[in-house]
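Trainee: Encoded as structure tokens, here's the structure I'll be asking about.
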Amino acid sequence: SSANVSYYWDHAFYGGKYYSYYGPLPVIVASFPFYILSGGHYALTAFGLEILGMAFLVPAFLFLLFEVFRLIQKKVNYPQYIFFSCLGLITSMMIMAATWKDGVYHEAIYHVPDIYGLACFDWFFFFVLRAYRERKLRSLQLAFAGLFFVFLIFSRPNLFLGLLITAPFLFAILFEKGVGAKRKIIDFAPMLGVLLVGAVLACVYNYARFDSILEFGQSYQLN
């Protein structure tokens, strides 16, 4: 009966093959380098991927929070910053994303893309706030923001909803008074270029797997 058929739970299945419907960034930035540096002798476990991701996520969160403090305070109140850093790390359940569990069900299929995706979102938001606060090197800050947004899509695509939080700051930069249209084009051009390249790569990656440029695997999810 169908109840006795074995399959990879909560994976995408298309064309006789199984796929993770999350992006490949954790594999590209963590698994491959680790495997290559070890001479091809060792591969990261899911837990190892989580730990490396947390080493990326926690600093990203702390830098972002510091940038928020710089935005709302003329002079950063460090006791407050430390208090809210600890509070944020605990109440967001961020640390709980790193888990080890043996058996047929591995929570890492969710936690790994979540960790890397959230880290990329934090850095994306960080650079948007930096560009919003000061005009100096704005084009470079926005370019980095675009890069981490692409990384976000290649980790956990549905985290693009973070744009709802960052959009007001991007619009504020776009419609800032006293800055000419030419200057704004120069500021945003690198970011748009990075996003365009990222969109093309995402479309190629999706088409190679699911014969559709807009399909990340959600339509073929076995859940």
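Chains: A, B, ... in order of the structure tokens. Residues: from 1 per chain. Ligands: from 1, in order shown.
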Quick one: residues within 10 Å of Leu89 (chain A), only C-alpha atoms counted, chain neighbours fewer than 4 positions away excluded, as a compact mmCIF listing (two decimals) with N, CA and C atoms, in the first residue's frame?
Mentor:
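Below is the file out24.txt, written as the result:
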```
# COMPACT_ATOMS: atom_id res chain seq x y z
N VAL A 58 24.67 35.38 14.92
CA VAL A 58 24.72 36.15 16.16
C VAL A 58 25.42 37.50 15.97
N PHE A 61 23.10 39.84 14.06
CA PHE A 61 22.05 40.39 14.91
C PHE A 61 22.58 41.52 15.79
N LEU A 62 23.76 41.32 16.37
CA LEU A 62 24.33 42.34 17.27
C LEU A 62 24.70 43.61 16.51
N PHE A 84 19.28 44.79 25.75
CA PHE A 84 18.41 44.38 24.64
C PHE A 84 19.08 43.33 23.74
N SER A 85 20.41 43.30 23.71
CA SER A 85 21.10 42.25 22.98
C SER A 85 20.81 40.89 23.61
N MET A 93 14.36 33.22 20.34
CA MET A 93 14.61 31.78 20.23
C MET A 93 15.69 31.47 19.18
N MET A 94 16.55 32.46 18.92
CA MET A 94 17.59 32.31 17.92
C MET A 94 18.53 31.15 18.26
N ILE A 95 18.93 31.06 19.53
CA ILE A 95 19.88 30.03 19.93
C ILE A 95 19.28 28.64 19.75
N MET A 96 17.95 28.53 19.89
CA MET A 96 17.30 27.22 19.78
C MET A 96 17.31 26.68 18.36
```
Trainee: Leu163 (chain A): which residues within 12 Å, counting only C-alpha atoms, same-chain residues fewer than 4 positions away excluded, as a PyMOL selection string?
Mentor: chain A and resi 121-122+124-125+128+145-146+149+152-153+157-159+167-171
Trainee: Got a sec: who's within 10 Å of Ile186 (chain A), counting only C-alpha atoms, leaving out chain neighbours fewer than 4 positions off, as a PyMOL selection string?
Mentor: chain A and resi 138-139+181-182+190-191
Trainee: What is the CA of Glu50 (chain A)-CA of Val112 (chain A) distance in Å, reported with one decimal?
Mentor: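 If I compute the distance from CA of Glu50 (chain A) to CA of Val112 (chain A), I get 5.5 Å.
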Trainee: Just checking: using only C-alpha atoms, which residue out of A:Leu65, A:Leu49, A:Leu87, A:Leu71 ends up closest to Thr99 (chain A)?
Mentor: A:Leu49
Trainee: When distances are computed from only C-alpha atoms, which of A:Pro113, A:Leu25, A:Gln141, A:Pro33 shows the smallest separation from Phe188 (chain A)?
Mentor: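 Nearest candidate to Phe188 (chain A) out of A:Pro113, A:Leu25, A:Gln141, A:Pro33: A:Gln141.
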Trainee: For a quick check of understanding, using only C-alpha atoms, which of A:Leu57, A:Ile185, A:Ile36, A:Leu64 has the smallest distance to Phe127 (chain A)?
Mentor: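 Counting only C-alpha atoms, the residue closest to Phe127 (chain A) is A:Leu64.
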Trainee: List as a count of residues only the protein and nucleic acid residues near Phe47 (chain A), meaning an atom at most 10 Å away when only C-alpha atoms are counted, but skip any in the same chain fewer than 2 places from it.
Mentor: 16
Trainee: Pick out the closest residue to Asn223 (chain A) from this set: A:His11, A:Lys136, A:Arg183, A:Arg130. Count only C-alpha atoms.
Mentor: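 With only C-alpha atoms as the atom set, the closest residue is A:His11.
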Trainee: Skip Leu214 (chain A) itself and residues of its chain fewer than 5 positions away, then list as a list in words all residues within 9 Å of it, counting only C-alpha atoms.
Mentor: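 Within the cut-off, the hits are Ala202, Cys203, Asn206 and Tyr207 of chain A.
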Trainee: As number ranges by chain, please: the residues near region 13-15 of chain A (cut-off 7 Å, only C-alpha atoms, same-chain neighbours under 2 positions excluded).
Mentor: A: 11, 17-19, 210, 220-222
Trainee: Using only C-alpha atoms, which residues sit within 7 Å of Pro26 (chain A) once same-chain residues fewer than 5 positions away are excluded, as a list in words?
Mentor: Ser31, Tyr116 and Ser155 of chain A
Trainee: Save out the residues we just selected, N, CA and C atoms, as a CSV table (one decimal), in the first residue's frame.
Mentor:
```
chain,number,residue,atom,x,y,z
A,31,SER,N,29.5,24.2,3.4
A,31,SER,CA,29.8,22.8,3.1
A,31,SER,C,31.0,22.6,2.1
A,116,TYR,N,20.9,30.7,8.2
A,116,TYR,CA,21.6,31.5,7.1
A,116,TYR,C,20.7,32.6,6.5
A,155,SER,N,18.9,31.3,0.5
A,155,SER,CA,18.9,30.5,1.7
A,155,SER,C,17.5,30.1,2.1
```
Trainee: Between A:Val179, A:Leu196, A:Arg135, A:Cys120, which one has atoms that come closest to Gly162 (chain A), using only C-alpha atoms?
Mentor: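 The answer is A:Cys120, which sits nearest to Gly162 (chain A).
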Trainee: Find the distance between CA of Asp114 (chain A) and CA of Tyr205 (chain A) and write it in Å to one decimal.
Mentor: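 These atoms are spaced 19.6 Å apart.
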Trainee: Taking the DSSP assignment computed from this structure's backbone, write out as a PyMOL selection string all residues of region 3-220 of chain A that belong to helix (DSSP H, G or I).
Mentor: chain A and resi 3-4+25-37+46-72+78-91+95-97+108-133+138-153+157-174+181-210+218-220
